[in-house]
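As stored in final.txt (compact mmCIF, N, CA and C atoms):
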# COMPACT_ATOMS: atom_id res chain seq x y z
N MET A 1 -32.81 0.50 61.62
CA MET A 1 -32.94 -0.25 60.39
C MET A 1 -32.28 0.55 59.27
N LYS A 2 -31.55 -0.16 58.40
CA LYS A 2 -30.90 0.50 57.27
C LYS A 2 -31.93 0.96 56.25
N THR A 3 -31.61 2.01 55.52
CA THR A 3 -32.55 2.51 54.52
C THR A 3 -32.53 1.68 53.25
N GLU A 4 -31.37 1.15 52.86
CA GLU A 4 -31.31 0.29 51.67
C GLU A 4 -30.57 -1.00 52.02
N MET A 5 -31.31 -2.09 52.07
CA MET A 5 -30.74 -3.38 52.40
C MET A 5 -30.54 -4.20 51.12
N THR A 6 -29.53 -5.05 51.11
CA THR A 6 -29.34 -5.94 49.97
C THR A 6 -30.31 -7.10 50.10
N ILE A 7 -30.61 -7.74 48.98
CA ILE A 7 -31.54 -8.86 48.97
C ILE A 7 -30.95 -10.01 49.79
N GLY A 8 -31.74 -10.52 50.70
CA GLY A 8 -31.31 -11.60 51.59
C GLY A 8 -30.77 -11.11 52.92
N GLU A 9 -30.59 -9.82 53.07
CA GLU A 9 -30.04 -9.26 54.30
C GLU A 9 -31.13 -9.17 55.38
N TYR A 10 -30.72 -9.39 56.62
CA TYR A 10 -31.61 -9.30 57.77
C TYR A 10 -31.37 -7.99 58.52
N SER A 11 -32.44 -7.47 59.11
CA SER A 11 -32.33 -6.27 59.94
C SER A 11 -33.40 -6.35 61.02
N GLN A 12 -33.25 -5.55 62.06
CA GLN A 12 -34.23 -5.54 63.13
C GLN A 12 -34.88 -4.17 63.28
N TYR A 13 -36.15 -4.21 63.62
CA TYR A 13 -36.89 -3.00 63.94
C TYR A 13 -37.97 -3.39 64.95
N ALA A 14 -38.15 -2.59 65.96
CA ALA A 14 -39.16 -2.84 67.00
C ALA A 14 -39.00 -4.24 67.60
N LYS A 15 -37.77 -4.64 67.83
CA LYS A 15 -37.43 -5.93 68.43
C LYS A 15 -37.89 -7.13 67.60
N LYS A 16 -38.10 -6.90 66.30
CA LYS A 16 -38.48 -7.99 65.39
C LYS A 16 -37.50 -8.03 64.23
N SER A 17 -37.28 -9.21 63.70
CA SER A 17 -36.32 -9.40 62.62
C SER A 17 -37.02 -9.46 61.27
N PHE A 18 -36.50 -8.71 60.30
CA PHE A 18 -37.05 -8.65 58.95
C PHE A 18 -35.99 -9.08 57.96
N ARG A 19 -36.43 -9.64 56.83
CA ARG A 19 -35.52 -10.03 55.76
C ARG A 19 -35.94 -9.32 54.48
N CYS A 20 -34.97 -8.83 53.74
CA CYS A 20 -35.21 -8.16 52.46
C CYS A 20 -35.32 -9.23 51.38
N VAL A 21 -36.43 -9.24 50.64
CA VAL A 21 -36.71 -10.28 49.66
C VAL A 21 -37.09 -9.63 48.33
N ALA A 22 -36.54 -10.12 47.23
CA ALA A 22 -36.90 -9.62 45.90
C ALA A 22 -38.35 -9.97 45.59
N ASP A 23 -39.03 -9.09 44.85
CA ASP A 23 -40.44 -9.32 44.54
C ASP A 23 -40.75 -8.76 43.15
N ASN A 24 -41.59 -9.46 42.40
CA ASN A 24 -41.92 -9.05 41.03
C ASN A 24 -43.35 -8.60 40.86
N HIS A 25 -44.09 -8.40 41.94
CA HIS A 25 -45.48 -7.98 41.84
C HIS A 25 -45.56 -6.48 41.52
N SER A 26 -46.79 -6.02 41.30
CA SER A 26 -47.01 -4.58 41.09
C SER A 26 -46.72 -3.83 42.39
N GLN A 27 -46.59 -2.53 42.29
CA GLN A 27 -46.27 -1.72 43.48
C GLN A 27 -47.35 -1.86 44.54
N MET A 28 -48.61 -1.87 44.16
CA MET A 28 -49.69 -1.99 45.12
C MET A 28 -49.63 -3.34 45.83
N LYS A 29 -49.39 -4.40 45.08
CA LYS A 29 -49.31 -5.74 45.67
C LYS A 29 -48.10 -5.86 46.60
N ARG A 30 -46.97 -5.25 46.21
CA ARG A 30 -45.79 -5.26 47.07
C ARG A 30 -46.08 -4.58 48.40
N CYS A 31 -46.79 -3.48 48.36
CA CYS A 31 -47.12 -2.76 49.59
C CYS A 31 -48.04 -3.59 50.50
N ILE A 32 -48.91 -4.36 49.90
CA ILE A 32 -49.80 -5.22 50.68
C ILE A 32 -49.01 -6.37 51.31
N LEU A 33 -48.06 -6.94 50.58
CA LEU A 33 -47.29 -8.08 51.06
C LEU A 33 -46.18 -7.71 52.04
N CYS A 34 -45.75 -6.47 52.02
CA CYS A 34 -44.62 -6.05 52.86
C CYS A 34 -45.04 -5.99 54.33
N ASP A 35 -44.24 -6.59 55.20
CA ASP A 35 -44.56 -6.61 56.63
C ASP A 35 -44.18 -5.32 57.35
N LEU A 36 -43.50 -4.40 56.69
CA LEU A 36 -43.17 -3.12 57.31
C LEU A 36 -44.32 -2.12 57.23
N ARG A 37 -45.36 -2.42 56.49
CA ARG A 37 -46.45 -1.46 56.29
C ARG A 37 -47.11 -1.06 57.60
N GLU A 38 -47.07 -1.93 58.61
CA GLU A 38 -47.71 -1.64 59.89
C GLU A 38 -46.87 -0.71 60.77
N TYR A 39 -45.61 -0.48 60.40
CA TYR A 39 -44.71 0.30 61.22
C TYR A 39 -44.48 1.72 60.70
N GLY A 40 -45.06 2.07 59.57
CA GLY A 40 -44.94 3.42 59.03
C GLY A 40 -43.55 3.79 58.56
N LEU A 41 -42.79 2.83 58.06
CA LEU A 41 -41.43 3.09 57.60
C LEU A 41 -41.33 3.23 56.08
N CYS A 42 -42.43 3.28 55.40
CA CYS A 42 -42.41 3.29 53.93
C CYS A 42 -41.66 4.49 53.36
N ASP A 43 -41.69 5.63 54.03
CA ASP A 43 -41.00 6.82 53.53
C ASP A 43 -39.49 6.77 53.76
N SER A 44 -39.03 5.94 54.70
CA SER A 44 -37.61 5.93 55.02
C SER A 44 -36.85 4.71 54.51
N VAL A 45 -37.54 3.71 53.97
CA VAL A 45 -36.89 2.50 53.46
C VAL A 45 -37.00 2.47 51.95
N ARG A 46 -35.91 2.16 51.29
CA ARG A 46 -35.90 2.11 49.82
C ARG A 46 -36.28 0.71 49.34
N CYS A 47 -37.45 0.61 48.73
CA CYS A 47 -37.91 -0.69 48.25
C CYS A 47 -38.33 -0.68 46.78
N GLN A 48 -38.50 0.50 46.20
CA GLN A 48 -38.92 0.59 44.80
C GLN A 48 -37.70 0.57 43.88
N PRO A 49 -37.84 0.01 42.67
CA PRO A 49 -36.71 -0.12 41.76
C PRO A 49 -36.00 1.19 41.43
N ASP A 50 -36.76 2.27 41.30
CA ASP A 50 -36.15 3.56 40.95
C ASP A 50 -35.40 4.20 42.12
N GLU A 51 -35.59 3.69 43.34
CA GLU A 51 -34.91 4.22 44.53
C GLU A 51 -33.62 3.46 44.85
N ARG A 52 -33.48 2.25 44.31
CA ARG A 52 -32.39 1.36 44.71
C ARG A 52 -31.25 1.34 43.69
N ASN A 53 -30.04 1.07 44.17
CA ASN A 53 -28.88 0.99 43.29
C ASN A 53 -28.92 -0.22 42.36
N ASP A 54 -29.51 -1.34 42.82
CA ASP A 54 -29.57 -2.55 42.00
C ASP A 54 -30.82 -2.58 41.11
N HIS A 55 -31.69 -1.59 41.22
CA HIS A 55 -32.91 -1.45 40.41
C HIS A 55 -33.82 -2.67 40.50
N ARG A 56 -33.89 -3.27 41.68
CA ARG A 56 -34.77 -4.41 41.93
C ARG A 56 -35.83 -4.00 42.95
N ALA A 57 -37.05 -4.46 42.76
CA ALA A 57 -38.11 -4.21 43.73
C ALA A 57 -38.00 -5.23 44.85
N VAL A 58 -38.16 -4.78 46.08
CA VAL A 58 -38.05 -5.68 47.23
C VAL A 58 -39.20 -5.44 48.20
N ILE A 59 -39.44 -6.44 49.05
CA ILE A 59 -40.35 -6.30 50.17
C ILE A 59 -39.61 -6.78 51.41
N PHE A 60 -40.15 -6.49 52.56
CA PHE A 60 -39.53 -6.88 53.82
C PHE A 60 -40.47 -7.83 54.55
N ARG A 61 -39.96 -9.02 54.85
CA ARG A 61 -40.76 -10.07 55.47
C ARG A 61 -40.29 -10.31 56.89
N LEU A 62 -41.25 -10.49 57.79
CA LEU A 62 -40.91 -10.91 59.14
C LEU A 62 -40.32 -12.30 59.08
N THR A 63 -39.33 -12.56 59.90
CA THR A 63 -38.79 -13.92 59.95
C THR A 63 -39.82 -14.82 60.62
N ARG A 64 -39.69 -16.10 60.40
CA ARG A 64 -40.67 -17.07 60.85
C ARG A 64 -40.94 -16.97 62.35
N LYS A 65 -39.93 -16.67 63.12
CA LYS A 65 -40.07 -16.58 64.58
C LYS A 65 -41.10 -15.54 64.99
N TYR A 66 -41.22 -14.45 64.23
CA TYR A 66 -42.08 -13.34 64.62
C TYR A 66 -43.43 -13.31 63.91
N ARG A 67 -43.66 -14.19 62.99
CA ARG A 67 -44.96 -14.22 62.31
C ARG A 67 -46.02 -14.75 63.24
N GLN A 68 -47.20 -14.18 63.16
CA GLN A 68 -48.32 -14.67 63.95
C GLN A 68 -48.95 -15.84 63.22
N ASN A 69 -49.65 -16.68 63.94
CA ASN A 69 -50.30 -17.84 63.32
C ASN A 69 -51.27 -17.38 62.25
N GLY A 70 -51.15 -17.98 61.08
CA GLY A 70 -52.05 -17.68 59.98
C GLY A 70 -51.66 -16.47 59.17
N GLN A 71 -50.74 -15.64 59.64
CA GLN A 71 -50.34 -14.44 58.90
C GLN A 71 -49.31 -14.81 57.86
N ASN A 72 -49.56 -14.43 56.62
CA ASN A 72 -48.63 -14.60 55.51
C ASN A 72 -48.26 -16.06 55.24
N ASN A 73 -49.08 -16.97 55.66
CA ASN A 73 -48.80 -18.38 55.39
C ASN A 73 -49.74 -18.88 54.30
N VAL A 74 -49.22 -19.69 53.42
CA VAL A 74 -50.02 -20.30 52.36
C VAL A 74 -50.31 -21.73 52.81
N THR A 75 -51.57 -22.09 52.82
CA THR A 75 -51.92 -23.43 53.26
C THR A 75 -52.20 -24.31 52.05
N ASN A 76 -51.92 -25.57 52.21
CA ASN A 76 -52.15 -26.55 51.17
C ASN A 76 -53.51 -27.18 51.40
N THR A 77 -54.37 -27.16 50.41
CA THR A 77 -55.67 -27.80 50.55
C THR A 77 -55.75 -28.93 49.56
N LYS A 78 -56.14 -30.08 50.06
CA LYS A 78 -56.28 -31.27 49.21
C LYS A 78 -57.69 -31.80 49.32
N ASN A 79 -58.17 -32.33 48.24
CA ASN A 79 -59.49 -32.97 48.27
C ASN A 79 -59.33 -34.34 48.90
N GLN A 80 -60.18 -34.61 49.84
CA GLN A 80 -60.10 -35.92 50.51
C GLN A 80 -61.30 -36.75 50.17
Whole structure, structure tokens version:
Amino acid sequence: MKTEMTIGEYSQYAKKSFRCVADNHSQMKRCILCDLREYGLCDSVRCQPDERNDHRAVIFRLTRKYRQNGQNNVTNTKNQ
């Protein structure tokens, strides 16, 4: 996996595909939302604005194919 990916770029790690996505949340919230947190790559991947050349905060999301049911999905609830 590359250390600094451009926004929208795909990469693979542990036979799973990840996408680099821009994010505007706080650092703590970004760490919670990032799908790389389970793989221990936080020290080797540049995701904080002060670490990146474009000065944008990013997170890494698993592509839809690799997401587990119910993980990172927002459900729509309607009153019936």
Requested in this report: Could you give me the residues within chain A that DSSP places in helix (DSSP H, G or I), as a ChimeraX atom specification?
Outcome: /A:27-33,35-39,64-66
Requested in this report: Considering only C-alpha atoms, return as a list in words whatever protein or nucleic-acid residues lie within 12 Å of A:Ile32, sequence-local ones (same chain, fewer than 3 positions apart) excluded.
Outcome: Asp23, His25, Ser26, Gln27, Met28, Lys29, Asp35, Leu36, Arg37, Glu38, Cys42, Ile59, Phe60, Arg61 and Asn72 of chain A
Requested in this report: Write out as number ranges by chain all residues of chain A that DSSP puts in strand (DSSP E or B) for this structure's backbone.
Outcome: A: 10-13, 16-22, 58-62
Query raised in the report: Distance atom C of A:Arg52-atom N of A:Thr6, one decimal place?
Result: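 Between atom C of A:Arg52 and atom N of A:Thr6 the gap is 9.9 Å.
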Query raised in the report: Any idea what's packed within 6 Å of A:Ile7, counting only N, CA and C atoms, ignoring anything in its chain fewer than 5 positions away? Could you give it as a list in words?
Result: Cys20, Val21 and Ala22 of chain A
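Closest to A:Arg56 among A:Asn24, A:Thr3, A:Ser44, A:Ser11 is A:Asn24, based on only C-alpha atoms.
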Query - Separation of atom N of A:Val58 from atom CA of A:Ala14, in Å and rounded to one decimal - result: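 Going from atom N of A:Val58 over to atom CA of A:Ala14, I get 21.0 Å.
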**Report entry** For atom N of A:Arg67 and atom C of A:Met5, the interatomic separation in Å (one decimal)
**Finding:**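 So the two atoms, atom N of A:Arg67 and atom C of A:Met5, lie 20.3 Å apart.
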Query raised in the report: Counting only C-alpha atoms, which of A:Arg46, A:Lys16, A:Asp54, A:Tyr10 gets nearest to A:Gln68?
Result: A:Lys16
Requested in this report: Write out as a PyMOL selection string the residues lying within 6.5 Å of A:Leu62, counting all atoms listed in the file and excluding same-chain residues fewer than 3 positions away.
Outcome: chain A and resi 17-19+35+65-67
Query raised in the report: Between A:Arg64, A:Cys47, A:Leu41, A:His55, which one has atoms that come closest to A:Glu4, using all atoms listed in the file?
Result: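 Comparing A:Arg64, A:Cys47, A:Leu41, A:His55 against A:Glu4, the winner is A:Cys47.
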